[in-house]
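A.B. asks: Submitted below is the structure of interest, expressed as structure tokens.
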Amino acid sequence: MVSSTLISKLRKIATPVQEEEIEKCFFCGKVLSTDHRHLVDLAAMRFMCTCEMCIITQAESGTYKPLPQRSLRLEGFNMSDQLWSDFLIPVNMAFFVVSAKRNGTVAYYPAPTGATESKLKMEPWNNLTGLNPILNTLTPDLEALLINRLDDAGEYYIVPIDSCYKLIGMIRIAWKGIFGGKEVNDAIRNFFNELKETSEPCPI
Ligand SMILES: [Zn+2]
Ligand SMILES: [Zn+2]
């Protein structure tokens, strides 16, 4: 005999739950607009949705860092196919972050489990910053050079790292099988189409 509580539980599972789309401040619970800012706990690599007031009070505590707000589309970025291959990234998309703790630049690229990381060799990174001096302005740990070479004309951006982790999360959800499949490429293209519209053009 099936108990009535089990039936009501099964009914609950079968009923589609309305997606909760309202985001609230992690610290005070205030309802946030869609363009709200994030704080990051770098030790745990956790992002917190935050209101303007809590950005100020929490940033003083030192545990959380406010993410920079600029989002730049780099026009005329200099990166030859040869220089790209010197970085030994196995896919056509990656983001590079200058790591204060690791005294160098680290590349992250998508994989079925999320982001895979590899420390970059100094020489190609120095060549790249020599060709594109704007890379010297990257805020260590908090901003990334985001590279998309999926299509012939590559795209290059400077964005806060929460944007990159959002992309990695979308890729993880879309990933199928060993190579990721069409859904992954669609997710990447959608993300970059949106970024192209919301970022500020920045000639090199
Ligand atoms: Zn708040
Ligand atoms: Zn948020």
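Convention: chains lettered A, B, ... in structure tokens order; per-chain residue numbering from 1; ligands numbered from 1 as shown.
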Give me the chain A side of the contact with ligand 1, cut-off 8 Å, one line per residue showing its nearest atom pair and distance in Å at one decimal, counting only C-alpha atoms and all ligand atoms, sorted by chain and residue number, as CSV.

C.D. replies:
```
residue,atom,partner,partner_atom_place_in_ligand_line,distance
A:Lys24,CA,ligand 1,1 (Zn),8.0
A:Cys25,CA,ligand 1,1 (Zn),4.6
A:Phe26,CA,ligand 1,1 (Zn),6.6
A:Phe27,CA,ligand 1,1 (Zn),5.0
A:Cys28,CA,ligand 1,1 (Zn),4.1
A:Gly29,CA,ligand 1,1 (Zn),6.1
A:Lys30,CA,ligand 1,1 (Zn),5.7
A:Thr50,CA,ligand 1,1 (Zn),5.4
A:Cys51,CA,ligand 1,1 (Zn),4.2
A:Glu52,CA,ligand 1,1 (Zn),6.8
A:Met53,CA,ligand 1,1 (Zn),5.8
A:Cys54,CA,ligand 1,1 (Zn),4.3
A:Ile55,CA,ligand 1,1 (Zn),7.4
```

A.B. asks: Show me which residues are within 7 Å of ligand 2 counting only C-alpha atoms and all ligand atoms, and format the list as a list of chain:residue names.

C.D. replies: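 The residues within 7 Å of ligand 2, counting only C-alpha atoms and all ligand atoms, are A:Glu23, A:His36, A:Arg37, A:His38, A:Met48, A:Cys49, A:Thr50.
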
A.B. asks: Keeping only N, CA and C atoms, take the residues you just selected and write them out as a PDB file, in the first residue's frame.

C.D. replies:
```pdb
ATOM      1  N   GLU A  23      16.654  37.982  -7.929  1.00  0.00           N
ATOM      2  CA  GLU A  23      17.894  37.820  -7.179  1.00  0.00           C
ATOM      3  C   GLU A  23      17.910  38.804  -6.024  1.00  0.00           C
ATOM      4  N   HIS A  36      22.832  44.163 -11.199  1.00  0.00           N
ATOM      5  CA  HIS A  36      23.490  44.346  -9.890  1.00  0.00           C
ATOM      6  C   HIS A  36      24.946  43.863  -9.925  1.00  0.00           C
ATOM      7  N   ARG A  37      25.693  44.293  -8.948  1.00  0.00           N
ATOM      8  CA  ARG A  37      27.110  43.924  -8.901  1.00  0.00           C
ATOM      9  C   ARG A  37      27.352  42.702  -8.029  1.00  0.00           C
ATOM     10  N   HIS A  38      28.563  42.156  -8.156  1.00  0.00           N
ATOM     11  CA  HIS A  38      28.941  40.981  -7.385  1.00  0.00           C
ATOM     12  C   HIS A  38      30.198  41.238  -6.567  1.00  0.00           C
ATOM     13  N   MET A  48      29.020  36.592  -4.865  1.00  0.00           N
ATOM     14  CA  MET A  48      27.842  36.972  -4.109  1.00  0.00           C
ATOM     15  C   MET A  48      27.129  38.139  -4.775  1.00  0.00           C
ATOM     16  N   CYS A  49      25.805  37.966  -5.054  1.00  0.00           N
ATOM     17  CA  CYS A  49      24.994  39.067  -5.562  1.00  0.00           C
ATOM     18  C   CYS A  49      24.897  40.111  -4.453  1.00  0.00           C
ATOM     19  N   THR A  50      25.110  41.385  -4.791  1.00  0.00           N
ATOM     20  CA  THR A  50      25.232  42.403  -3.748  1.00  0.00           C
ATOM     21  C   THR A  50      24.540  43.708  -4.133  1.00  0.00           C
TER      22      THR A  50
END
```

A.B. asks: Of the candidates A:Ile168, A:Ile173, A:Ala107, A:Cys202, which shows the shortest atom-to-atom distance to Asp141 (chain A), using only C-alpha atoms?

C.D. replies: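 Of A:Ile168, A:Ile173, A:Ala107, A:Cys202, the one nearest Asp141 (chain A) is A:Ala107, counting only C-alpha atoms.
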
A.B. asks: For Ser118 (chain A), please output as a VMD selection string all residues within 10 Å (counting only C-alpha atoms; exclusion window: fewer than 4 positions along the same chain).

C.D. replies: chain A and resid 87 to 89 96 105 to 109

A.B. asks: Per residue of region 60-130 of chain A within 9 Å of region 175-190 of chain A, record the nearest atom pair and its distance in Å to one decimal, counting only C-alpha atoms, with rows in chain order and ascending residue number, as a Markdown table.

C.D. replies:
```
| residue | atom | partner | partner_atom | distance |
| --- | --- | --- | --- | --- |
| A:Met93 | CA | A:Ile188 | CA | 8.9 |
| A:Ala111 | CA | A:Gly180 | CA | 8.2 |
| A:Pro112 | CA | A:Trp175 | CA | 6.1 |
```

A.B. asks: Write the residues of the preceding selection, restricted to N, CA and C atoms, as a tab-separated table (two decimals), in the first residue's frame.

C.D. replies:
```
chain	number	residue	atom	x	y	z
A	93	MET	N	38.66	28.68	-27.01
A	93	MET	CA	38.12	29.70	-26.11
A	93	MET	C	38.81	29.58	-24.77
A	111	ALA	N	35.78	22.70	-19.92
A	111	ALA	CA	35.90	21.23	-19.94
A	111	ALA	C	34.61	20.69	-19.33
A	112	PRO	N	34.34	19.37	-19.49
A	112	PRO	CA	33.06	18.83	-18.99
A	112	PRO	C	32.84	19.13	-17.51
```

A.B. asks: What separation in Å, quoted to one decimal, exists between CA of Asn92 (chain A) and CA of Ala44 (chain A)?

C.D. replies: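 Atom-to-atom, CA of Asn92 (chain A) to CA of Ala44 (chain A), that is 27.0 Å.
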
A.B. asks: Considering only C-alpha atoms, return as a ChimeraX atom specification whatever protein or nucleic-acid residues lie within 10 Å of Ile22 (chain A), sequence-local ones (same chain, fewer than 5 positions apart) excluded.

C.D. replies: /A:31-34

A.B. asks: Could you give me, as a list in words, the residues within 10 Å of Leu135 (chain A), counting only C-alpha atoms and dropping anything in the same chain fewer than 3 positions from it?

C.D. replies: Val98, Trp125, Asn126, Leu128, Thr129, Gly130, Leu131, Asn132, Leu138, Thr139, Ala144, Leu145 and Ile158 of chain A

A.B. asks: Taking only C-alpha atoms into account, name the residue in A:Tyr157, A:Glu200, A:Glu143, A:Glu194 that is nearest to Leu74 (chain A).

C.D. replies: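 Nearest to Leu74 (chain A): A:Tyr157.
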
A.B. asks: Considering only C-alpha atoms, state which residue in the set A:Asn127, A:Leu72, A:Ile171, A:Pro140 is at the smallest distance from Arg102 (chain A).

C.D. replies: A:Pro140

A.B. asks: State, in Å with one decimal place, the distance from CA of Pro203 (chain A) to CA of Arg73 (chain A).

C.D. replies: 8.1 Å

A.B. asks: Among region 40-203 of chain A, which residues carry a DSSP assignment of strand (DSSP E), reported as a ChimeraX atom specification?

C.D. replies: /A:40-41,46-50,65-66,72-75,93-99,104-111,114-119,143-148,155-160,200-203

A.B. asks: Using N, CA and C atoms, can you export the residues from the last selection as a CSV table (one decimal), in the first residue's frame?

C.D. replies:
```csv
chain,number,residue,atom,x,y,z
A,40,VAL,N,33.4,38.9,-4.7
A,40,VAL,CA,33.9,37.6,-4.9
A,40,VAL,C,34.7,37.2,-3.6
A,41,ASP,N,34.6,36.0,-3.2
A,41,ASP,CA,35.4,35.4,-2.2
A,41,ASP,C,36.5,34.6,-3.0
A,46,ARG,N,33.8,32.1,-4.9
A,46,ARG,CA,32.4,32.2,-4.8
A,46,ARG,C,32.0,33.6,-5.1
A,47,PHE,N,30.9,33.8,-5.9
A,47,PHE,CA,30.4,35.1,-6.2
A,47,PHE,C,29.1,35.4,-5.4
A,48,MET,N,29.0,36.6,-4.9
A,48,MET,CA,27.8,37.0,-4.1
A,48,MET,C,27.1,38.1,-4.8
A,49,CYS,N,25.8,38.0,-5.1
A,49,CYS,CA,25.0,39.1,-5.6
A,49,CYS,C,24.9,40.1,-4.5
A,50,THR,N,25.1,41.4,-4.8
A,50,THR,CA,25.2,42.4,-3.7
A,50,THR,C,24.5,43.7,-4.1
A,65,LYS,N,36.0,40.8,-2.3
A,65,LYS,CA,36.5,41.9,-3.1
A,65,LYS,C,35.4,42.3,-4.1
A,66,PRO,N,35.2,43.6,-4.3
A,66,PRO,CA,34.3,44.1,-5.3
A,66,PRO,C,34.9,43.9,-6.7
A,72,LEU,N,35.3,45.6,-21.8
A,72,LEU,CA,35.8,46.2,-23.0
A,72,LEU,C,35.9,45.2,-24.1
A,73,ARG,N,35.4,45.6,-25.3
A,73,ARG,CA,35.6,44.8,-26.5
A,73,ARG,C,36.9,45.4,-27.2
A,74,LEU,N,38.0,44.6,-27.3
A,74,LEU,CA,39.2,45.1,-27.8
A,74,LEU,C,39.3,45.0,-29.3
A,75,GLU,N,39.3,46.1,-29.9
A,75,GLU,CA,39.3,46.2,-31.4
A,75,GLU,C,40.7,46.3,-31.9
A,93,MET,N,38.7,28.7,-27.0
A,93,MET,CA,38.1,29.7,-26.1
A,93,MET,C,38.8,29.6,-24.8
A,94,ALA,N,39.2,30.7,-24.2
A,94,ALA,CA,39.9,30.7,-22.9
A,94,ALA,C,39.8,32.0,-22.3
A,95,PHE,N,40.0,32.1,-21.0
A,95,PHE,CA,40.3,33.4,-20.4
A,95,PHE,C,41.5,33.4,-19.5
A,96,PHE,N,42.3,34.5,-19.6
A,96,PHE,CA,43.5,34.6,-18.9
A,96,PHE,C,43.4,35.6,-17.7
A,97,VAL,N,43.9,35.2,-16.6
A,97,VAL,CA,43.9,36.0,-15.4
A,97,VAL,C,45.3,36.1,-14.8
A,98,VAL,N,45.7,37.4,-14.5
A,98,VAL,CA,47.0,37.6,-13.9
A,98,VAL,C,46.8,37.2,-12.4
A,99,SER,N,47.5,36.2,-11.9
A,99,SER,CA,47.4,35.8,-10.5
A,99,SER,C,48.4,36.4,-9.6
A,104,GLY,N,52.2,35.0,-11.9
A,104,GLY,CA,52.1,34.7,-13.3
A,104,GLY,C,50.7,34.8,-13.8
A,105,THR,N,50.5,34.4,-15.1
A,105,THR,CA,49.2,34.4,-15.7
A,105,THR,C,48.7,33.0,-15.8
A,106,VAL,N,47.4,32.8,-15.5
A,106,VAL,CA,46.8,31.5,-15.6
A,106,VAL,C,45.7,31.5,-16.6
A,107,ALA,N,45.7,30.4,-17.4
A,107,ALA,CA,44.6,30.3,-18.4
A,107,ALA,C,43.5,29.3,-17.9
A,108,TYR,N,42.3,29.7,-18.2
A,108,TYR,CA,41.2,28.8,-17.8
A,108,TYR,C,40.4,28.5,-19.1
A,109,TYR,N,40.1,27.2,-19.4
A,109,TYR,CA,39.3,27.0,-20.5
A,109,TYR,C,38.2,25.9,-20.2
A,110,PRO,N,37.2,25.8,-21.0
A,110,PRO,CA,36.0,25.0,-20.7
A,110,PRO,C,36.4,23.5,-20.8
A,111,ALA,N,35.8,22.7,-19.9
A,111,ALA,CA,35.9,21.2,-19.9
A,111,ALA,C,34.6,20.7,-19.3
A,114,GLY,N,33.8,21.8,-15.8
A,114,GLY,CA,33.9,23.2,-15.5
A,114,GLY,C,35.1,23.8,-16.2
A,115,ALA,N,35.9,24.5,-15.4
A,115,ALA,CA,37.1,25.2,-16.0
A,115,ALA,C,38.3,24.4,-15.6
A,116,THR,N,39.1,24.2,-16.7
A,116,THR,CA,40.5,23.6,-16.5
A,116,THR,C,41.5,24.7,-16.5
A,117,GLU,N,42.5,24.6,-15.6
A,117,GLU,CA,43.4,25.7,-15.6
A,117,GLU,C,44.8,25.2,-15.9
A,118,SER,N,45.6,26.1,-16.5
A,118,SER,CA,47.0,25.8,-16.7
A,118,SER,C,47.8,27.1,-16.7
A,119,LYS,N,48.9,27.1,-16.0
A,119,LYS,CA,49.7,28.3,-15.9
A,119,LYS,C,50.4,28.6,-17.2
A,143,GLU,N,40.1,40.7,-13.0
A,143,GLU,CA,39.7,40.9,-14.4
A,143,GLU,C,40.4,39.9,-15.3
A,144,ALA,N,39.8,39.6,-16.5
A,144,ALA,CA,40.3,38.6,-17.4
A,144,ALA,C,40.4,39.1,-18.8
A,145,LEU,N,41.3,38.6,-19.5
A,145,LEU,CA,41.3,38.7,-21.0
A,145,LEU,C,40.5,37.5,-21.5
A,146,LEU,N,39.4,37.7,-22.1
A,146,LEU,CA,38.5,36.7,-22.5
A,146,LEU,C,38.7,36.5,-24.0
A,147,ILE,N,39.0,35.3,-24.5
A,147,ILE,CA,39.3,35.1,-25.9
A,147,ILE,C,38.3,34.1,-26.5
A,148,ASN,N,37.8,34.4,-27.6
A,148,ASN,CA,36.9,33.5,-28.4
A,148,ASN,C,37.4,33.4,-29.8
A,155,GLU,N,37.5,37.2,-31.2
A,155,GLU,CA,37.0,38.2,-30.4
A,155,GLU,C,37.8,38.3,-29.1
A,156,TYR,N,38.1,39.5,-28.6
A,156,TYR,CA,38.9,39.7,-27.4
A,156,TYR,C,38.3,40.7,-26.5
A,157,TYR,N,38.2,40.4,-25.2
A,157,TYR,CA,37.5,41.3,-24.3
A,157,TYR,C,38.3,41.4,-23.0
A,158,ILE,N,38.1,42.5,-22.3
A,158,ILE,CA,38.6,42.6,-20.9
A,158,ILE,C,37.3,42.7,-20.1
A,159,VAL,N,37.1,41.7,-19.2
A,159,VAL,CA,35.8,41.6,-18.4
A,159,VAL,C,36.1,41.2,-17.0
A,160,PRO,N,35.2,41.5,-16.0
A,160,PRO,CA,35.4,41.0,-14.7
A,160,PRO,C,35.2,39.5,-14.7
A,200,GLU,N,31.9,47.8,-24.1
A,200,GLU,CA,32.3,49.1,-24.7
A,200,GLU,C,33.4,48.9,-25.7
A,201,PRO,N,33.3,49.4,-27.0
A,201,PRO,CA,34.4,49.2,-27.9
A,201,PRO,C,35.7,49.9,-27.4
A,202,CYS,N,36.8,49.3,-27.6
A,202,CYS,CA,38.1,49.9,-27.1
A,202,CYS,C,39.1,49.6,-28.2
A,203,PRO,N,39.5,50.6,-29.0
A,203,PRO,CA,40.5,50.4,-30.0
A,203,PRO,C,41.9,50.2,-29.3
```

A.B. asks: Measure the distance from CA of Ala59 (chain A) to CA of Leu142 (chain A) in Å and round it to one decimal.

C.D. replies: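 Separation of CA of Ala59 (chain A) and CA of Leu142 (chain A): 13.7 Å.
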
A.B. asks: Taking only C-alpha atoms into account, which of A:Phe77, A:Arg172, A:Ser71, A:Lys196 comes nearest Ile134 (chain A)?

C.D. replies: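 Result for the nearest residue to Ile134 (chain A): A:Phe77.
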
A.B. asks: Taking the backbone alone, and naming residues the way the document does, which bits of region 125-191 of chain A are alpha helix (DSSP H) by DSSP, as number ranges by chain?

C.D. replies: A: 125-131, 161-174, 181-191
